[in-house]
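Quick look at start13.json (JSON, C-alpha atoms and all ligand atoms):
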```json
[["chain", "number", "residue", "atom", "x", "y", "z"],
["A", 26, "MET", "CA", 120.27, 96.44, 113.02],
["A", 27, "ASN", "CA", 116.91, 95.51, 111.51],
["A", 28, "GLN", "CA", 116.86, 98.45, 109.14],
["A", 29, "PHE", "CA", 113.43, 97.48, 107.77],
["A", 30, "GLU", "CA", 111.74, 97.83, 111.15],
["A", 31, "LEU", "CA", 113.67, 100.12, 113.46],
["A", 32, "MET", "CA", 112.41, 103.68, 113.57],
["A", 33, "SER", "CA", 115.94, 104.96, 114.22],
["A", 34, "ASN", "CA", 116.49, 104.44, 110.47],
["A", 35, "TYR", "CA", 113.37, 106.51, 109.75],
["A", 36, "ARG", "CA", 114.40, 109.21, 112.22],
["A", 37, "PHE", "CA", 117.96, 109.46, 110.87],
["A", 38, "HIS", "CA", 116.84, 110.14, 107.30],
["A", 39, "TYR", "CA", 113.91, 112.30, 108.39],
["A", 40, "TYR", "CA", 116.19, 114.53, 110.42],
["A", 41, "VAL", "CA", 119.67, 114.33, 108.83],
["A", 42, "THR", "CA", 118.96, 113.67, 105.14],
["A", 43, "GLY", "CA", 115.75, 115.72, 105.13],
["A", 44, "ASN", "CA", 117.26, 118.80, 106.74],
["A", 45, "THR", "CA", 120.37, 118.48, 104.56],
["A", 46, "VAL", "CA", 118.17, 118.69, 101.45],
["A", 47, "VAL", "CA", 116.36, 121.73, 102.87],
["A", 48, "GLU", "CA", 119.69, 123.48, 103.50],
["A", 49, "LEU", "CA", 121.19, 122.41, 100.16],
["A", 50, "VAL", "CA", 118.43, 123.81, 97.95],
["A", 51, "GLN", "CA", 118.82, 127.18, 99.67],
["A", 52, "MET", "CA", 122.62, 127.03, 99.28],
["A", 53, "LEU", "CA", 122.29, 126.11, 95.59],
["A", 54, "LYS", "CA", 120.22, 129.24, 95.05],
["A", 55, "ASP", "CA", 122.37, 131.57, 97.16],
["A", 56, "LYS", "CA", 125.82, 130.37, 96.08],
["A", 57, "ALA", "CA", 125.31, 129.05, 92.54],
["A", 58, "GLY", "CA", 122.12, 130.72, 91.36],
["A", 59, "ILE", "CA", 120.59, 127.29, 90.71],
["A", 60, "GLY", "CA", 116.90, 126.67, 91.35],
["A", 61, "ASN", "CA", 114.30, 128.57, 93.34],
["A", 62, "GLY", "CA", 115.55, 127.62, 96.81],
["A", 63, "ARG", "CA", 112.74, 125.09, 97.29],
["A", 64, "CYS", "CA", 112.47, 121.35, 96.70],
["A", 65, "ALA", "CA", 109.77, 120.28, 94.24],
["A", 66, "ALA", "CA", 110.33, 116.54, 94.53],
["A", 67, "PHE", "CA", 112.49, 113.90, 96.18],
["A", 68, "THR", "CA", 112.93, 110.54, 94.43],
["A", 69, "SER", "CA", 114.23, 107.47, 96.18],
["A", 70, "SER", "CA", 114.26, 103.79, 95.31],
["A", 71, "MET", "CA", 113.34, 101.77, 98.38],
["A", 72, "GLY", "CA", 115.43, 99.16, 100.14],
["A", 73, "SER", "CA", 114.75, 99.65, 103.82],
["A", 74, "SER", "CA", 112.86, 102.87, 102.93],
["A", 75, "GLY", "CA", 115.12, 104.80, 105.28],
["A", 76, "THR", "CA", 116.26, 107.27, 102.62],
["A", 77, "ILE", "CA", 112.74, 108.06, 101.38],
["A", 78, "SER", "CA", 111.87, 109.19, 104.94],
["A", 79, "ALA", "CA", 113.77, 112.40, 104.18],
["A", 80, "GLY", "CA", 110.70, 113.32, 102.12],
["A", 81, "ASP", "CA", 108.58, 113.61, 105.30],
["A", 82, "ARG", "CA", 110.84, 116.40, 106.56],
["A", 83, "ILE", "CA", 111.14, 118.12, 103.16],
["A", 84, "LYS", "CA", 107.34, 118.20, 102.79],
["A", 85, "GLN", "CA", 106.98, 119.92, 106.16],
["A", 86, "VAL", "CA", 109.17, 122.76, 104.88],
["A", 87, "PHE", "CA", 107.89, 122.78, 101.28],
["A", 88, "PRO", "CA", 104.24, 121.57, 101.36],
["A", 89, "GLU", "CA", 104.00, 121.43, 97.54],
["A", 90, "HIS", "CA", 106.86, 118.91, 97.48],
["A", 91, "LYS", "CA", 106.25, 115.41, 96.03],
["A", 92, "ILE", "CA", 107.67, 112.22, 97.52],
["A", 93, "ILE", "CA", 108.29, 109.68, 94.79],
["A", 94, "GLY", "CA", 109.13, 106.06, 95.58],
["A", 95, "LEU", "CA", 110.89, 103.99, 92.93],
["A", 96, "GLU", "CA", 111.03, 100.28, 92.29],
["A", 97, "PRO", "CA", 112.19, 98.04, 89.46],
["A", 98, "VAL", "CA", 109.77, 97.34, 86.56],
["A", 99, "GLN", "CA", 110.92, 93.73, 86.99],
["A", 100, "CYS", "CA", 109.68, 93.64, 90.62],
["A", 101, "PRO", "CA", 106.79, 96.10, 91.01],
["A", 102, "THR", "CA", 105.68, 95.30, 94.57],
["A", 103, "LEU", "CA", 103.90, 98.53, 95.44],
["A", 104, "TYR", "CA", 102.93, 99.34, 91.86],
["A", 105, "TRP", "CA", 100.53, 96.39, 91.61],
["A", 106, "ASN", "CA", 101.55, 93.71, 94.13],
["A", 107, "GLY", "CA", 103.96, 92.39, 91.52],
["A", 108, "TYR", "CA", 106.99, 90.19, 92.04],
["A", 109, "GLY", "CA", 110.02, 88.99, 90.15],
["A", 110, "GLY", "CA", 113.80, 88.95, 89.96],
["A", 111, "HIS", "CA", 115.65, 92.16, 89.19],
["A", 112, "ASP", "CA", 119.18, 93.48, 89.07],
["A", 113, "ILE", "CA", 119.09, 96.77, 91.01],
["A", 114, "GLN", "CA", 121.05, 95.77, 94.07],
["A", 115, "GLY", "CA", 119.97, 97.22, 97.43],
["A", 116, "ILE", "CA", 116.33, 97.89, 96.54],
["A", 117, "GLY", "CA", 113.14, 96.01, 95.70],
["A", 118, "ASP", "CA", 113.05, 93.42, 98.46],
["A", 119, "LYS", "CA", 109.46, 92.33, 97.68],
["A", 120, "HIS", "CA", 107.74, 93.78, 100.74],
["A", 121, "VAL", "CA", 106.70, 97.10, 102.26],
["A", 122, "THR", "CA", 108.96, 97.94, 105.16],
["A", 123, "TRP", "CA", 107.57, 98.80, 108.59],
["A", 124, "ILE", "CA", 109.27, 102.21, 108.62],
["A", 125, "HIS", "CA", 107.89, 103.34, 105.25],
["A", 126, "ASN", "CA", 105.36, 106.17, 105.65],
["A", 127, "VAL", "CA", 103.28, 105.21, 102.61],
["A", 128, "TRP", "CA", 100.59, 107.71, 103.69],
["A", 129, "ASN", "CA", 102.87, 110.54, 102.62],
["A", 130, "MET", "CA", 104.05, 109.09, 99.28],
["A", 131, "ASP", "CA", 102.71, 110.94, 96.22],
["A", 132, "ALA", "CA", 103.52, 108.32, 93.58],
["A", 133, "ILE", "CA", 105.27, 105.08, 92.90],
["A", 134, "MET", "CA", 107.22, 104.92, 89.64],
["A", 135, "CYS", "CA", 108.97, 101.88, 88.19],
["A", 136, "VAL", "CA", 112.32, 101.98, 86.42],
["A", 137, "ASP", "CA", 113.73, 99.27, 84.13],
["A", 138, "ASP", "CA", 116.84, 97.56, 85.54],
["A", 139, "ILE", "CA", 118.39, 97.05, 82.07],
["A", 140, "GLU", "CA", 117.99, 100.75, 81.32],
["A", 141, "CYS", "CA", 119.73, 101.56, 84.63],
["A", 142, "LYS", "CA", 122.66, 99.36, 83.70],
["A", 143, "LYS", "CA", 122.82, 100.77, 80.16],
["A", 144, "VAL", "CA", 122.92, 104.35, 81.47],
["A", 145, "LEU", "CA", 125.47, 103.41, 84.13],
["A", 146, "GLN", "CA", 127.74, 102.19, 81.32],
["A", 147, "VAL", "CA", 127.32, 105.57, 79.60],
["A", 148, "CYS", "CA", 128.38, 107.33, 82.80],
["A", 149, "VAL", "CA", 131.42, 105.22, 83.59],
["A", 150, "GLU", "CA", 132.94, 104.03, 80.29],
["A", 151, "GLU", "CA", 135.08, 106.27, 78.06],
["A", 152, "PRO", "CA", 132.86, 106.30, 74.92],
["A", 153, "GLY", "CA", 129.91, 107.22, 77.15],
["A", 154, "LYS", "CA", 131.76, 110.07, 78.87],
["A", 155, "LYS", "CA", 132.86, 111.32, 75.42],
["A", 156, "ALA", "CA", 129.25, 111.33, 74.23],
["A", 157, "LEU", "CA", 128.10, 113.26, 77.31],
["A", 158, "ILE", "CA", 130.82, 115.88, 76.78],
["A", 159, "GLU", "CA", 130.91, 116.15, 72.97],
["A", 160, "ASP", "CA", 127.32, 115.34, 71.97],
["A", 161, "PHE", "CA", 125.43, 116.79, 74.95],
["A", 162, "GLY", "CA", 127.83, 119.58, 75.99],
["A", 163, "ILE", "CA", 128.11, 118.50, 79.64],
["A", 164, "ASP", "CA", 131.00, 119.99, 81.62],
["A", 165, "PRO", "CA", 133.88, 117.40, 81.63],
["A", 166, "VAL", "CA", 134.46, 117.98, 85.36],
["A", 167, "LYS", "CA", 130.84, 117.04, 86.09],
["A", 168, "VAL", "CA", 131.06, 114.00, 83.80],
["A", 169, "GLU", "CA", 134.18, 112.79, 85.62],
["A", 170, "LEU", "CA", 132.53, 113.32, 89.01],
["A", 171, "MET", "CA", 129.40, 111.48, 87.90],
["A", 172, "SER", "CA", 131.48, 108.51, 86.72],
["A", 173, "SER", "CA", 132.78, 107.98, 90.25],
["A", 174, "ILE", "CA", 129.58, 108.39, 92.29],
["A", 175, "MET", "CA", 127.08, 106.37, 90.29],
["A", 176, "GLY", "CA", 125.95, 102.77, 90.66],
["A", 177, "ILE", "CA", 122.83, 100.94, 89.48],
["A", 178, "SER", "CA", 120.42, 102.20, 92.17],
["A", 179, "GLY", "CA", 121.85, 105.74, 91.91],
["A", 180, "ILE", "CA", 121.04, 105.72, 88.19],
["A", 181, "CYS", "CA", 117.58, 104.34, 89.02],
["A", 182, "ASN", "CA", 117.08, 107.36, 91.28],
["A", 183, "VAL", "CA", 118.20, 109.73, 88.51],
["A", 184, "LEU", "CA", 115.94, 108.09, 85.90],
["A", 185, "GLY", "CA", 113.10, 108.36, 88.43],
["A", 186, "ALA", "CA", 113.88, 112.05, 88.86],
["A", 187, "ILE", "CA", 113.68, 112.60, 85.09],
["A", 188, "LYS", "CA", 110.35, 110.75, 84.96],
["A", 189, "THR", "CA", 109.10, 112.88, 87.86],
["A", 190, "ALA", "CA", 110.11, 116.11, 86.10],
["A", 191, "LYS", "CA", 108.25, 115.06, 82.95],
["A", 192, "TYR", "CA", 105.18, 113.76, 84.74],
["A", 193, "TYR", "CA", 104.64, 116.84, 86.91],
["A", 194, "GLY", "CA", 105.81, 119.27, 84.20],
["A", 195, "LEU", "CA", 108.57, 120.70, 86.40],
["A", 196, "GLY", "CA", 110.76, 123.41, 84.97],
["A", 197, "LYS", "CA", 114.28, 124.81, 85.08],
["A", 198, "ASP", "CA", 113.97, 126.41, 88.53],
["A", 199, "ASP", "CA", 112.30, 123.44, 90.24],
["A", 200, "ASN", "CA", 114.75, 121.33, 92.23],
["A", 201, "ILE", "CA", 114.30, 117.58, 92.15],
["A", 202, "VAL", "CA", 116.58, 115.99, 94.69],
["A", 203, "THR", "CA", 117.77, 112.41, 94.70],
["A", 204, "VAL", "CA", 120.60, 110.39, 96.20],
["A", 205, "ALA", "CA", 123.61, 108.66, 94.63],
["A", 206, "THR", "CA", 123.30, 105.54, 96.74],
["A", 207, "ASP", "CA", 126.25, 103.52, 95.50],
["A", 208, "ALA", "CA", 129.30, 103.66, 93.23],
["A", 209, "ILE", "CA", 130.70, 101.82, 90.22],
["A", 210, "ASP", "CA", 133.38, 99.97, 92.24],
["A", 211, "ARG", "CA", 130.75, 97.33, 93.09],
["A", 212, "TYR", "CA", 129.63, 96.81, 89.51],
["A", 213, "TYR", "CA", 132.63, 96.21, 87.22],
["A", 214, "SER", "CA", 131.59, 92.58, 86.65],
["A", 215, "VAL", "CA", 128.02, 93.73, 85.86],
["A", 216, "MET", "CA", 129.45, 96.14, 83.26],
["A", 217, "ASN", "CA", 131.49, 93.28, 81.73],
["A", 218, "ASP", "CA", 128.32, 91.16, 81.52],
["A", 219, "MET", "CA", 126.57, 94.06, 79.76],
["A", 220, "THR", "CA", 129.35, 94.18, 77.15],
["A", 221, "GLU", "CA", 129.08, 90.44, 76.64],
["A", 222, "THR", "CA", 125.30, 90.63, 76.23],
["A", 223, "TYR", "CA", 124.90, 93.81, 74.17],
["A", 224, "GLY", "CA", 128.33, 94.15, 72.51],
["A", 225, "LYS", "CA", 130.86, 96.92, 73.07],
["A", 226, "MET", "CA", 129.30, 100.33, 73.59],
["A", 227, "ASP", "CA", 130.75, 102.94, 71.24],
["A", 228, "GLN", "CA", 130.09, 106.70, 71.31],
["A", 229, "ARG", "CA", 127.19, 106.38, 68.88],
["A", 230, "GLU", "CA", 125.50, 103.74, 71.04],
["A", 231, "ALA", "CA", 126.12, 105.89, 74.14],
["A", 232, "TYR", "CA", 124.50, 108.84, 72.37],
["A", 233, "TYR", "CA", 121.51, 106.70, 71.44],
["A", 234, "ARG", "CA", 121.10, 105.39, 75.01],
["A", 235, "THR", "CA", 121.26, 108.88, 76.49],
["A", 236, "GLU", "CA", 118.79, 110.25, 73.95],
["A", 237, "TYR", "CA", 116.37, 107.34, 74.17],
["A", 238, "ILE", "CA", 116.50, 106.39, 77.86],
["A", 239, "MET", "CA", 117.20, 109.73, 79.56],
["A", 240, "ARG", "CA", 115.80, 112.45, 77.30],
["A", 241, "GLY", "CA", 113.10, 110.15, 75.98],
["A", 242, "ALA", "CA", 111.97, 108.92, 79.43],
["A", 243, "LYS", "CA", 108.51, 107.43, 79.10],
["A", 244, "LEU", "CA", 105.55, 108.13, 81.38],
["A", 245, "ASP", "CA", 104.59, 104.51, 81.89],
["A", 246, "TRP", "CA", 104.66, 102.56, 85.17],
["A", 247, "ILE", "CA", 103.41, 105.44, 87.30],
["A", 248, "ARG", "CA", 100.80, 105.09, 90.03],
["A", 249, "GLU", "CA", 99.75, 108.15, 91.97],
["A", 250, "GLY", "CA", 99.39, 108.11, 95.75],
["A", 251, "ASP", "CA", 95.67, 108.66, 96.00],
["A", 252, "HIS", "CA", 93.57, 107.38, 98.92],
["A", 253, "PHE", "CA", 93.07, 103.97, 97.29],
["A", 254, "SER", "CA", 96.75, 103.43, 96.46],
["A", 255, "ARG", "CA", 97.91, 104.47, 99.91],
["A", 256, "ASN", "CA", 95.52, 101.99, 101.50],
["A", 257, "CYS", "CA", 96.81, 99.22, 99.21],
["A", 258, "TRP", "CA", 100.43, 100.06, 100.11],
["A", 259, "HIS", "CA", 99.63, 100.11, 103.82],
["A", 260, "ASN", "CA", 97.62, 96.87, 103.68],
["A", 261, "LEU", "CA", 100.55, 95.08, 102.01],
["A", 262, "LYS", "CA", 102.43, 95.47, 105.29],
["A", 263, "TYR", "CA", 100.03, 93.06, 106.98],
["A", 264, "TYR", "CA", 101.51, 89.83, 105.61],
["A", 265, "THR", "CA", 105.11, 90.65, 106.48],
["A", 266, "TRP", "CA", 104.67, 92.48, 109.74],
["A", 267, "VAL", "CA", 101.65, 90.90, 111.42],
["A", 268, "GLU", "CA", 101.62, 87.36, 110.00],
["A", 269, "GLN", "CA", 105.39, 86.88, 109.91],
["A", 270, "GLN", "CA", 107.11, 89.39, 112.19],
["A", 271, "GLY", "CA", 104.82, 89.43, 115.21],
["A", 272, "LYS", "CA", 103.37, 92.96, 115.10],
["A", 273, "THR", "CA", 99.78, 93.31, 116.23],
["A", 274, "VAL", "CA", 96.94, 94.54, 114.04],
["A", 275, "GLN", "CA", 96.57, 97.46, 116.49],
["A", 276, "GLU", "CA", 100.19, 98.45, 115.90],
["A", 277, "LEU", "CA", 99.66, 98.28, 112.15],
["A", 278, "ASP", "CA", 96.44, 100.27, 112.32],
["A", 279, "ALA", "CA", 98.15, 102.93, 114.43],
["A", 280, "GLN", "CA", 100.32, 103.84, 111.41],
["A", 281, "ARG", "CA", 97.22, 105.16, 109.61],
["A", 282, "ASN", "CA", 97.23, 108.12, 111.98],
["A", 283, "PRO", "CA", 99.69, 110.91, 110.97],
["A", 284, "GLU", "CA", 100.28, 111.49, 114.69],
["A", 285, "TRP", "CA", 102.07, 108.11, 114.86],
["A", 286, "TRP", "CA", 104.71, 109.43, 112.46],
["A", 287, "ILE", "CA", 104.90, 112.83, 114.13],
["A", 288, "LYS", "CA", 105.49, 111.18, 117.50],
["A", 289, "HIS", "CA", 108.53, 109.40, 116.05],
["A", 290, "GLN", "CA", 109.77, 112.58, 114.43],
["A", 291, "GLN", "CA", 109.54, 114.35, 117.78],
["A", 292, "MET", "CA", 111.74, 111.71, 119.41],
["A", 293, "VAL", "CA", 114.78, 113.06, 117.54],
["A", 294, "SER", "CA", 115.79, 115.63, 120.18],
["A", 295, "GLU", "CA", 115.29, 113.14, 123.02],
["A", 296, "MET", "CA", 117.47, 110.59, 121.18],
["A", 297, "ASN", "CA", 120.12, 113.23, 120.46],
["A", 298, "SER", "CA", 120.33, 114.09, 124.18],
["A", 299, "LEU", "CA", 120.58, 110.42, 125.15],
["A", 300, "LEU", "CA", 123.33, 109.83, 122.57],
["A", 301, "LYS", "CA", 125.22, 112.93, 123.71],
["A", 302, "GLU", "CA", 124.98, 111.84, 127.33],
["A", 303, "LYS", "CA", 126.26, 108.36, 126.49],
["A", 304, "ARG", "CA", 129.16, 109.69, 124.43],
["A", 305, "GLU", "CA", 130.16, 112.09, 127.17],
["A", 306, "LYS", "CA", 130.16, 109.26, 129.72],
["A", 307, "GLN", "CA", 132.25, 107.12, 127.38],
["A", 308, "SER", "CA", 134.83, 109.86, 126.81],
["A", 309, "VAL", "CA", 135.12, 110.44, 130.59],
["A", 310, "ALA", "CA", 135.63, 106.69, 131.09],
["A", 311, "VAL", "CA", 138.45, 106.65, 128.48],
["B", 1, "LIG", "C1", 123.02, 100.20, 96.81],
["B", 1, "LIG", "C2", 121.81, 100.64, 97.55],
["B", 1, "LIG", "N1", 120.89, 101.40, 96.92],
["B", 1, "LIG", "C3", 119.75, 101.79, 97.54],
["B", 1, "LIG", "C4", 119.48, 101.44, 98.83],
["B", 1, "LIG", "C5", 118.15, 101.84, 99.43],
["B", 1, "LIG", "O1", 118.21, 102.73, 100.49],
["B", 1, "LIG", "P1", 117.19, 102.59, 101.71],
["B", 1, "LIG", "O2", 117.55, 101.31, 102.43],
["B", 1, "LIG", "O3", 117.49, 103.77, 102.57],
["B", 1, "LIG", "O4", 115.82, 102.57, 101.18],
["B", 1, "LIG", "C6", 120.40, 100.64, 99.52],
["B", 1, "LIG", "C7", 120.15, 100.25, 100.92],
["B", 1, "LIG", "O5", 120.92, 99.63, 101.59],
["B", 1, "LIG", "C8", 121.59, 100.22, 98.87],
["B", 1, "LIG", "O6", 122.50, 99.44, 99.46]]
```
Could you render the structure from this file as structure tokens?
Amino acid sequence: MNQFELMSNYRFHYYVTGNTVVELVQMLKDKAGIGNGRCAAFTSSMGSSGTISAGDRIKQVFPEHKIIGLEPVQCPTLYWNGYGGHDIQGIGDKHVTWIHNVWNMDAIMCVDDIECKKVLQVCVEEPGKKALIEDFGIDPVKVELMSSIMGISGICNVLGAIKTAKYYGLGKDDNIVTVATDAIDRYYSVMNDMTETYGKMDQREAYYRTEYIMRGAKLDWIREGDHFSRNCWHNLKYYTWVEQQGKTVQELDAQRNPEWWIKHQQMVSEMNSLLKEKREKQSVAV
């Protein structure tokens, strides 16, 4: 599947991920007394930009909600047409994908790939887990859980969420939702390289990284989604999609109209019926 272009990717995350977030924030409030039942922001680092499409649904339910796109400092494509190599696997492919509704994005924020890897080490290695439990008082069950569901782009999403909270001055009851997009099982060799480069991380170093990178998150590399920025992000699609991938200028221009996105959102129920019909036929055939 061409995940960068096919609107089924957009529709899946708009409908499934978006509505899941809407239900989850209410559940968090009702069952755990966490948050105000709303979603203040959704942060997502973009690969295909499927996941960030959830923000379009969340904003329809919570109009004050901010959609924050994330990319590596080392490859800031949307931030200022930048380029470069980076080490956050799965994101930052140096173009704006066809399915990305840049007209609804409230800001682009960049996150440092080395900081992501340093924080990942804190989450997954024993001295780091000890620091989180003993120095920061985090519940050991949560620390253990976090160590198994985090990878480099997941940490990027979390660091972006912290930056978002600071930038918009969000408080204790405001939910910022993000996604743990990968897990450590893909990154053991990256962690070994980190040890070779920076030396063995002890509890003191883990404390310092948590304090400096997470609590001390800086408000640099942020560009708000005003009219000018959104036009720049949209116009960047031209080179990939018209010059290289055969879309017409008319098709590209059509994306400026919010109705274009709404039309795709409204196709969800039609697609669901078609899928259901097909599955039923298949099960009868078996
Ligand atoms: C590890 C990882 N992180 C992040 C992403 C980005 O998600 P999306 O493609 O939905 O933008 C991907 C996408 O494949 C991925 O593999």
List every residue of chain A that has an atom at most 9 Å from any atom of ligand LIG 1 (chain B), giving for each one its closest atom pair and the distance in Å to one decimal, counting only C-alpha atoms and all ligand atoms, sorted by chain and then by ascending residue number, as a Markdown table.
```
| residue | atom | partner | partner_atom | distance |
| --- | --- | --- | --- | --- |
| A:Gln28 | CA | B:LIG1 | O2 | 7.3 |
| A:Phe29 | CA | B:LIG1 | O2 | 7.8 |
| A:Asn34 | CA | B:LIG1 | O3 | 8.0 |
| A:Tyr35 | CA | B:LIG1 | O3 | 8.7 |
| A:His38 | CA | B:LIG1 | O3 | 8.0 |
| A:Ser69 | CA | B:LIG1 | O4 | 7.2 |
| A:Ser70 | CA | B:LIG1 | C5 | 6.0 |
| A:Met71 | CA | B:LIG1 | O4 | 3.8 |
| A:Gly72 | CA | B:LIG1 | O4 | 3.6 |
| A:Ser73 | CA | B:LIG1 | O2 | 3.5 |
| A:Ser74 | CA | B:LIG1 | O4 | 3.5 |
| A:Gly75 | CA | B:LIG1 | O3 | 3.7 |
| A:Thr76 | CA | B:LIG1 | O3 | 3.7 |
| A:Ile77 | CA | B:LIG1 | O4 | 6.3 |
| A:Ser78 | CA | B:LIG1 | O3 | 8.2 |
| A:Ile113 | CA | B:LIG1 | N1 | 7.7 |
| A:Gln114 | CA | B:LIG1 | C1 | 5.6 |
| A:Gly115 | CA | B:LIG1 | C8 | 3.7 |
| A:Ile116 | CA | B:LIG1 | C5 | 5.2 |
| A:Gly117 | CA | B:LIG1 | C5 | 8.5 |
| A:His125 | CA | B:LIG1 | O4 | 8.9 |
| A:Gly176 | CA | B:LIG1 | C1 | 7.3 |
| A:Ile177 | CA | B:LIG1 | C1 | 7.4 |
| A:Ser178 | CA | B:LIG1 | N1 | 4.8 |
| A:Gly179 | CA | B:LIG1 | N1 | 6.7 |
| A:Asn182 | CA | B:LIG1 | C3 | 8.8 |
| A:Val204 | CA | B:LIG1 | C3 | 8.7 |
| A:Ala205 | CA | B:LIG1 | N1 | 8.1 |
| A:Thr206 | CA | B:LIG1 | N1 | 4.8 |
| A:Asp207 | CA | B:LIG1 | C1 | 4.8 |
| A:Ala208 | CA | B:LIG1 | C1 | 8.0 |
```
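With distances taken from (115.3, 128.6, 91.8) and restricted to only C-alpha atoms, the residues inside 6 Å are Lys54, Ile59, Gly60, Asn61, Gly62 and Asp198 of chain A.
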So how many Å separate CA of Val202 in chain A and CA of Glu295 in chain A, to one decimal?
28.5 Å
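Residues in contact range of Val149 in chain A, defined as at most 8 Å between only C-alpha atoms, with sequence neighbours fewer than 5 positions away removed, read A:Lys154, A:Met171, A:Ser172, A:Ser173, A:Ile209.
Residue nearest Trp128 in chain A within the list A:Gly185, A:Gly94, A:Pro165, A:Gly241: A:Gly94 [criterion: smallest interatomic distance, only C-alpha atoms].
Residues in contact with range 269-272 of chain A at 12 Å, where all atoms listed in the file are counted and same-chain residues fewer than 4 positions away are skipped, are listed as A:Asn27, A:Phe29, A:Glu30, A:His120, A:Thr122, A:Trp123, A:Lys262, A:Tyr263, A:Tyr264, A:Thr265, A:Glu276, A:Leu277, A:Asp278, A:Ala279, A:Gln280.
With CA of Glu169 in chain A on one side and CA of Thr220 in chain A on the other, the separation reads 21.0 Å.
In this comparison, which uses all atoms listed in the file, the residue of A:Lys288, A:Arg234, A:Lys119, A:Arg82 approaching Trp105 in chain A most closely is A:Lys119.
For the pair CA of Met175 in chain A and CA of Val144 in chain A, the separation is 10.0 Å.
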Considering all atoms listed in the file, return as a ChimeraX atom specification whatever protein or nucleic-acid residues lie within 12 Å of Leu244 in chain A, sequence-local ones (same chain, fewer than 6 positions apart) excluded.
/A:133-136,184-194,238
When you count all atoms listed in the file, which of these residues is closest to Thr42 in chain A: A:Asp245, A:Ala231, A:Asp218, A:Thr203?
A:Thr203
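Distance annotation: of A:Met239, A:Met219, A:Val41, A:Val50, the residue with the minimal separation from Leu157 in chain A is A:Met239; atom set is all atoms listed in the file.
Closest approach to Val121 in chain A from the set A:Arg248, A:Arg229, A:Lys142, A:Arg255 is made by A:Arg255, with distances taken over all atoms listed in the file.
Using all atoms listed in the file, the shortest contact distance between Tyr104 in chain A and any of A:Thr222, A:Ser254, A:Thr68, A:Ser214 is found at A:Ser254.
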For Val293 in chain A, work out the shell of residues within 10 Å, counting only C-alpha atoms and skipping chain neighbours fewer than 6 positions away, then give it as a count of residues only.
6
